[in-house]
Amino acid sequence: MVLATNLGFPRIGPMRELKKAVEAYWKGKSSKDELLAVGKKLRAQNWKLQQTAGLSHIPSNDFAFYDQVLSMTATLGLIPSRYQHDGGDIDLDMYFAMARGAQTDNLDVTAMEMSKWYDTNYHYIVPEFEKGMSPKLSSTKIFDEYEEAKALGIQTRPVLIGPATYTFLGKPQYDGFKHEDFVQTLIPVYNEILSKLAERGCEWVQIDEPVFSLDLCPIGQGTIKTAYANLKKPEGLKILVTTYFESLKDNAELAFGLPVDGIHIDLCRGSGRANTTANDAGKDIEQALGLIGDEKILSLGVVDGRNIWKNNLANSLSKIEKAVSKIGSERVFVAPSCSLLHTPVDLDSETQMDDELKGWMAYATQKLDEIVTIAKGANEGRENVAAELAASNGAQESRKTSTRVHDRAVEERISNITEDMKERKSPFAKRQDVQHKVLDLPLYPTTTIGSFPQTPEIRKARSDFKKGVIDEAAYKKAMQDEIKMVVDFQHECDIDVLVHGEPERNDMVEYFGEQLKGFAFSKYGWVQSYGSRCVKPPIIFGDVSRPVAMTVEWSKYAQSCTDKIMKGMLTGPITILQWSFVRDDQPRNDTARQIALAIRDEVEDLEKAGIKMIQIDEAAFREGLPLRRDDWKEYLDNAVENFRLTSCCVEDETQIHTHMCYSEFNDVIDSIGAMDADVISIECSRSQMELLEAFIEYKYPNEIGPGVYDIHSPRVPSVSEMVNLLEKAKLNLDERQIWVNPDCGLKTRAWPETKEALKNMVAAAKKMREKSKGAKAA
């Protein structure tokens, strides 16, 4: 019988219960026991929901209070030495210290580095591998949660980050590190975990190995092969290795040759595309069926775990039927493409969404029903799911024919794009001279990335305005009062280039989507980005255009509050695309091009309004890079072209900034150069300026602001720490290139720590200026 299975479920809760509980604990407003109780309640809800839906395999250990990779680090006991771990089990406070840093009487440490989970907007905590580390089972979490579910009468399939993926995700802290040697040190702990699970009656274990989605060199493939050869599978325990986010391609033989009981493949993403074509999926199934052998289970990810559109049940059922006809129903699992972590919890919460749009969508809870329906159709025949298939076909047809989706004016504008629209009037060297004269900034100019702390009062004012509790005039005054306060504080700090603080913005993508045609919004479509940070991605369902200006009024008001330069703040087309749920009925770049033209209109209007500096954030530029190198060029060429289409409409004296989040910049540095922004700011502090090396090796000619203040941590860096980071930057960059700024926006931080950190940042910049004067005098 074909089984309905799941790889993971959102842990945040339908109303973000986990976020609220974790933040209350961090603020000292609740106890550890209260936090643990919330986690236990959420896990029970998720397991029971999946049991009721009819799933045969329900995951456990997919829950984490911060991040699943950090939880694996705790399980393996690989705690960096700066945390002064005593070798015992990892408690919650140590766990959070690794994620966020700590600043107490007993411990003052920085957080571990953060990076994007493959090509998603989820962030994981990067493992650090120090010389002499010895892995040791240091957490009972996986066993506790298995027993917790068992006590509820639910047999679960515990989930582990695979040894190969964990090894390749980590960051070696010493020369001579060899992945193939390090992974072998992990295997005894994995074997101990498997043995203890078998003792508890566990039947299946899921080992996630998304590393198979990457280009693997012979050493990488050999590392995986050797690791699994040494994995000892206890009698009675079966192992499913899950691969996702990309087709297996040249890694397929390795995957299907592993000594395990089943392999999962993603049929929703492949060939560098977010939406795999029927032809691509067909090739992936044929490849899998040719390699699966006579005994292994084949788990097929036919329900998209990363988007919110309803499944085409008939097409998915055809894929399952093809596999069943070849290897039999006992060896086929129906599954989502990946964990449902990346989708919102329950569409039924969206009571205010219009029926037509809602009829096209499925959140995680609804995807469980889709999985079960597909499995039922495979087992009992299409006639027994005829109503569900008819409803699915109706939803597909409704999207195709809806008048809300296509806009002829947008199509015509796209066809009229010319090459000169993607070129600045002068090369950077000339622009830089003009800008330095016009802007008249000191060396090491200070600025921030955009947002300032969003207090409960700001959120309440926005909420009250949306609900009609206050009128537009009252809302406008509340936002202007906040902007004036933020501007005054920046004056007090003596920051050189100001921002308005973005109090009117709920999110850097959602805010723009709310004002663009072709976008829709949910009320409860939250997904986890990192830790307690949740985002509510916009839904792009149709052609995109900008009916009216979106930021000009706020920027003009902010500029009226100061004689200093005020940056206009925008989000770029690739980031809006990456951080939205994107329509799957046309190529993603077609949608990106439409967004680029809409943001271009805003850039032009800001310049006309007298804004001399405009920041176009492309925080997700690297995130969108396909996982396979063969697909990089097309993506990067399109991404650069879209940024230039957005930004190349201004005069030479208008300075264009961009910002990028934690990334491996080496992979995209040529394209960053081709974007030709006048200034780029990057997240750099957690890596101690290591992420700057790509720009140094490239000899990046434009100006750059390497972040000196980690805004993802409540810890306040000292002046000397920031000076030290700037000194590192100065070793290889010209002083005229260097800007001084935090890593990212300050929205999630509290005011007291923000004020102290920014004052330290300005003091650090002034110390650097003094050193520069002294050196020149000498």
# chains A, B, ... in the order shown; residues from 1 in each chain; ligands from 1
$ closest_atom_pairs --of "region 50-169 of chain A" --to "region 527-531 of chain A" --cutoff "9 Å" --atoms "only C-alpha atoms" --output "JSON lines"
{"residue": "A:Ala64", "atom": "CA", "partner": "A:Gly531", "partner_atom": "CA", "distance": 8.9}
{"residue": "A:Phe65", "atom": "CA", "partner": "A:Gly531", "partner_atom": "CA", "distance": 7.2}
{"residue": "A:Tyr66", "atom": "CA", "partner": "A:Gly531", "partner_atom": "CA", "distance": 4.2}
{"residue": "A:Asp67", "atom": "CA", "partner": "A:Gly531", "partner_atom": "CA", "distance": 6.3}
{"residue": "A:Ala99", "atom": "CA", "partner": "A:Gly531", "partner_atom": "CA", "distance": 8.0}
{"residue": "A:Asn121", "atom": "CA", "partner": "A:Ser529", "partner_atom": "CA", "distance": 6.0}
{"residue": "A:Tyr122", "atom": "CA", "partner": "A:Ser529", "partner_atom": "CA", "distance": 4.5}
{"residue": "A:His123", "atom": "CA", "partner": "A:Tyr530", "partner_atom": "CA", "distance": 5.1}
{"residue": "A:Tyr124", "atom": "CA", "partner": "A:Tyr530", "partner_atom": "CA", "distance": 7.0}
{"residue": "A:Ile125", "atom": "CA", "partner": "A:Tyr530", "partner_atom": "CA", "distance": 8.9}
$ closest_atom_pairs --of "region 373-448 of chain A" --to "region 642-652 of chain A" --cutoff "7 Å" --atoms "only C-alpha atoms" --output "Markdown table"
| residue | atom | partner | partner_atom | distance |
| --- | --- | --- | --- | --- |
| A:Met421 | CA | A:Leu645 | CA | 6.0 |
| A:Lys422 | CA | A:Leu645 | CA | 4.6 |
| A:Glu423 | CA | A:Cys648 | CA | 5.4 |
| A:Arg424 | CA | A:Cys648 | CA | 4.8 |
| A:Lys425 | CA | A:Asp652 | CA | 6.6 |
| A:Ser426 | CA | A:Asp652 | CA | 6.7 |
| A:Arg431 | CA | A:Asp652 | CA | 5.1 |
| A:Val434 | CA | A:Asp652 | CA | 6.9 |
$ write_last_selection --atoms "all heavy atoms" --output "CSV table (one decimal), in the first residue's frame"
chain,number,residue,atom,x,y,z
A,421,MET,N,18.2,51.7,-20.8
A,421,MET,CA,17.5,51.8,-19.5
A,421,MET,C,18.3,51.1,-18.4
A,421,MET,O,18.0,51.2,-17.2
A,421,MET,CB,16.1,51.2,-19.6
A,421,MET,CG,15.1,52.0,-20.4
A,421,MET,SD,13.6,51.1,-20.8
A,421,MET,CE,12.8,51.1,-19.1
A,422,LYS,N,19.3,50.3,-18.7
A,422,LYS,CA,20.1,49.5,-17.8
A,422,LYS,C,21.5,50.0,-17.6
A,422,LYS,O,22.3,49.3,-17.0
A,422,LYS,CB,20.1,48.0,-18.2
A,422,LYS,CG,18.8,47.4,-18.6
A,422,LYS,CD,19.0,46.1,-19.4
A,422,LYS,CE,17.7,45.7,-20.1
A,422,LYS,NZ,17.9,44.6,-21.0
A,423,GLU,N,21.7,51.3,-18.0
A,423,GLU,CA,23.1,51.9,-17.9
A,423,GLU,C,23.0,53.2,-17.2
A,423,GLU,O,22.2,54.0,-17.5
A,423,GLU,CB,23.6,52.1,-19.3
A,423,GLU,CG,23.9,50.8,-20.1
A,423,GLU,CD,25.0,49.9,-19.6
A,423,GLU,OE1,25.9,50.5,-18.9
A,423,GLU,OE2,24.9,48.7,-19.8
A,424,ARG,N,23.9,53.4,-16.2
A,424,ARG,CA,24.1,54.7,-15.6
A,424,ARG,C,24.7,55.7,-16.6
A,424,ARG,O,25.3,55.3,-17.6
A,424,ARG,CB,25.0,54.6,-14.4
A,424,ARG,CG,24.5,53.9,-13.2
A,424,ARG,CD,23.3,54.6,-12.5
A,424,ARG,NE,23.7,55.8,-11.8
A,424,ARG,CZ,24.1,55.9,-10.6
A,424,ARG,NH1,24.2,54.9,-9.8
A,424,ARG,NH2,24.3,57.1,-10.0
A,425,LYS,N,24.6,57.0,-16.4
A,425,LYS,CA,25.0,58.0,-17.3
A,425,LYS,C,26.5,58.0,-17.4
A,425,LYS,O,27.1,58.3,-18.5
A,425,LYS,CB,24.5,59.3,-17.0
A,425,LYS,CG,22.9,59.4,-17.2
A,425,LYS,CD,22.4,60.8,-16.8
A,425,LYS,CE,21.0,61.0,-17.3
A,425,LYS,NZ,20.1,60.0,-16.7
A,426,SER,N,27.2,57.7,-16.3
A,426,SER,CA,28.7,57.8,-16.3
A,426,SER,C,29.3,56.6,-15.5
A,426,SER,O,28.6,56.0,-14.7
A,426,SER,CB,29.2,59.1,-15.6
A,426,SER,OG,28.7,60.2,-16.2
A,431,ARG,N,31.2,59.2,-11.3
A,431,ARG,CA,30.1,59.4,-10.4
A,431,ARG,C,30.7,59.6,-9.0
A,431,ARG,O,30.1,60.5,-8.2
A,431,ARG,CB,29.2,58.2,-10.4
A,431,ARG,CG,28.5,57.8,-11.7
A,431,ARG,CD,27.3,56.9,-11.5
A,431,ARG,NE,27.6,55.8,-10.7
A,431,ARG,CZ,27.9,54.6,-11.2
A,431,ARG,NH1,28.1,54.4,-12.5
A,431,ARG,NH2,28.0,53.5,-10.3
A,434,VAL,N,31.8,63.2,-8.4
A,434,VAL,CA,30.6,64.1,-8.4
A,434,VAL,C,29.9,63.9,-7.0
A,434,VAL,O,29.6,64.9,-6.4
A,434,VAL,CB,29.7,63.8,-9.5
A,434,VAL,CG1,28.4,64.5,-9.3
A,434,VAL,CG2,30.3,64.1,-10.9
$ residues_around --residues "region 552-564 of chain A" --least-positions-apart "3" --cutoff "9 Å" --atoms "only C-alpha atoms" --output "number ranges by chain"
A: 479-480, 483-484, 487-488, 491, 496-500, 502, 504, 549, 567-569, 602, 605-606, 609-611
$ write_last_selection --atoms "N, CA and C atoms" --output "PDB file, in the first residue's frame"
ATOM      1  N   MET A 479       2.996  58.297  12.820  1.00  0.00           N
ATOM      2  CA  MET A 479       4.201  57.898  12.079  1.00  0.00           C
ATOM      3  C   MET A 479       5.183  59.060  11.971  1.00  0.00           C
ATOM      4  N   GLN A 480       4.660  60.261  11.732  1.00  0.00           N
ATOM      5  CA  GLN A 480       5.564  61.417  11.630  1.00  0.00           C
ATOM      6  C   GLN A 480       6.232  61.716  12.969  1.00  0.00           C
ATOM      7  N   ILE A 483       9.029  59.239  13.198  1.00  0.00           N
ATOM      8  CA  ILE A 483      10.108  59.606  12.279  1.00  0.00           C
ATOM      9  C   ILE A 483      10.926  60.756  12.855  1.00  0.00           C
ATOM     10  N   LYS A 484      10.234  61.766  13.386  1.00  0.00           N
ATOM     11  CA  LYS A 484      10.936  62.923  13.970  1.00  0.00           C
ATOM     12  C   LYS A 484      11.800  62.488  15.153  1.00  0.00           C
ATOM     13  N   VAL A 487      14.878  60.691  13.750  1.00  0.00           N
ATOM     14  CA  VAL A 487      15.803  61.663  13.163  1.00  0.00           C
ATOM     15  C   VAL A 487      16.543  62.421  14.261  1.00  0.00           C
ATOM     16  N   ASP A 488      15.813  62.844  15.284  1.00  0.00           N
ATOM     17  CA  ASP A 488      16.444  63.581  16.395  1.00  0.00           C
ATOM     18  C   ASP A 488      17.493  62.716  17.101  1.00  0.00           C
ATOM     19  N   HIS A 491      20.587  62.652  15.063  1.00  0.00           N
ATOM     20  CA  HIS A 491      21.320  63.906  15.276  1.00  0.00           C
ATOM     21  C   HIS A 491      22.122  63.832  16.573  1.00  0.00           C
ATOM     22  N   ASP A 496      26.058  60.382  10.191  1.00  0.00           N
ATOM     23  CA  ASP A 496      26.264  61.251   9.029  1.00  0.00           C
ATOM     24  C   ASP A 496      25.124  61.196   8.023  1.00  0.00           C
ATOM     25  N   VAL A 497      24.696  60.000   7.675  1.00  0.00           N
ATOM     26  CA  VAL A 497      23.615  59.827   6.705  1.00  0.00           C
ATOM     27  C   VAL A 497      22.435  59.195   7.431  1.00  0.00           C
ATOM     28  N   LEU A 498      21.297  59.858   7.395  1.00  0.00           N
ATOM     29  CA  LEU A 498      20.161  59.449   8.221  1.00  0.00           C
ATOM     30  C   LEU A 498      19.173  58.584   7.441  1.00  0.00           C
ATOM     31  N   VAL A 499      18.345  57.896   8.183  1.00  0.00           N
ATOM     32  CA  VAL A 499      17.207  57.158   7.634  1.00  0.00           C
ATOM     33  C   VAL A 499      15.977  57.582   8.417  1.00  0.00           C
ATOM     34  N   HIS A 500      14.801  57.262   7.897  1.00  0.00           N
ATOM     35  CA  HIS A 500      13.591  57.709   8.595  1.00  0.00           C
ATOM     36  C   HIS A 500      13.086  56.659   9.580  1.00  0.00           C
ATOM     37  N   GLU A 502      11.538  53.772   9.138  1.00  0.00           N
ATOM     38  CA  GLU A 502      10.527  52.865   8.580  1.00  0.00           C
ATOM     39  C   GLU A 502       9.424  52.442   9.558  1.00  0.00           C
ATOM     40  N   GLU A 504       6.352  53.006   9.377  1.00  0.00           N
ATOM     41  CA  GLU A 504       5.124  52.686   8.632  1.00  0.00           C
ATOM     42  C   GLU A 504       5.181  51.294   8.002  1.00  0.00           C
ATOM     43  N   ALA A 549       2.902  56.249  -5.923  1.00  0.00           N
ATOM     44  CA  ALA A 549       4.160  56.284  -5.169  1.00  0.00           C
ATOM     45  C   ALA A 549       3.957  55.640  -3.805  1.00  0.00           C
ATOM     46  N   LYS A 567      18.460  59.072   3.443  1.00  0.00           N
ATOM     47  CA  LYS A 567      18.394  57.990   2.455  1.00  0.00           C
ATOM     48  C   LYS A 567      16.943  57.586   2.189  1.00  0.00           C
ATOM     49  N   GLY A 568      16.604  57.414   0.928  1.00  0.00           N
ATOM     50  CA  GLY A 568      15.346  56.771   0.583  1.00  0.00           C
ATOM     51  C   GLY A 568      15.551  55.262   0.637  1.00  0.00           C
ATOM     52  N   MET A 569      14.574  54.536   1.134  1.00  0.00           N
ATOM     53  CA  MET A 569      14.752  53.102   1.394  1.00  0.00           C
ATOM     54  C   MET A 569      13.761  52.269   0.577  1.00  0.00           C
ATOM     55  N   GLU A 602       9.546  54.149  -8.569  1.00  0.00           N
ATOM     56  CA  GLU A 602       9.713  54.734  -7.236  1.00  0.00           C
ATOM     57  C   GLU A 602      11.055  55.447  -7.104  1.00  0.00           C
ATOM     58  N   ASP A 605      10.799  58.809  -8.757  1.00  0.00           N
ATOM     59  CA  ASP A 605      10.005  59.757  -7.974  1.00  0.00           C
ATOM     60  C   ASP A 605      10.755  60.245  -6.741  1.00  0.00           C
ATOM     61  N   LEU A 606      11.540  59.378  -6.126  1.00  0.00           N
ATOM     62  CA  LEU A 606      12.339  59.810  -4.971  1.00  0.00           C
ATOM     63  C   LEU A 606      13.375  60.851  -5.392  1.00  0.00           C
ATOM     64  N   ALA A 609      11.886  64.120  -5.877  1.00  0.00           N
ATOM     65  CA  ALA A 609      11.482  64.739  -4.608  1.00  0.00           C
ATOM     66  C   ALA A 609      12.674  65.290  -3.825  1.00  0.00           C
ATOM     67  N   GLY A 610      13.889  65.189  -4.386  1.00  0.00           N
ATOM     68  CA  GLY A 610      15.063  65.773  -3.738  1.00  0.00           C
ATOM     69  C   GLY A 610      15.861  64.811  -2.876  1.00  0.00           C
ATOM     70  N   ILE A 611      15.563  63.530  -2.940  1.00  0.00           N
ATOM     71  CA  ILE A 611      16.323  62.538  -2.159  1.00  0.00           C
ATOM     72  C   ILE A 611      17.609  62.221  -2.918  1.00  0.00           C
TER      73      ILE A 611
END
$ residues_around --residues "Asn638 (chain A)" --least-positions-apart "2" --cutoff "12 Å" --atoms "only C-alpha atoms" --output "JSON, numbers by chain"
{"A": [422, 573, 574, 587, 588, 589, 590, 591, 592, 593, 596, 621, 624, 625, 631, 632, 633, 634, 635, 636, 640, 641, 642, 643, 644, 645, 671, 674, 675]}
$ select_by_dssp --residues "region 58-115 of chain A" --states "alpha helix (DSSP H)" --output "list in words"
Gln68, Val69, Leu70, Ser71, Met72, Thr73, Ala74, Thr75, Leu76, Leu92, Asp93, Met94, Tyr95, Phe96, Ala97, Met98, Ala99 and Arg100 of chain A
$ residues_around --residues "region 681-690 of chain A" --least-positions-apart "3" --cutoff "9 Å" --atoms "only C-alpha atoms" --output "VMD selection string"
chain A and resid 110 to 114 449 619 657 to 663 693 to 694 703 to 710 722 725 to 726 728 to 729 739 to 744
$ select_by_dssp --residues "region 62-161 of chain A" --states "strand (DSSP E or B)" --output "MDAnalysis selection string"
chainID A and resid 102:103 108:109 114:116 123:125 128:129 156:161
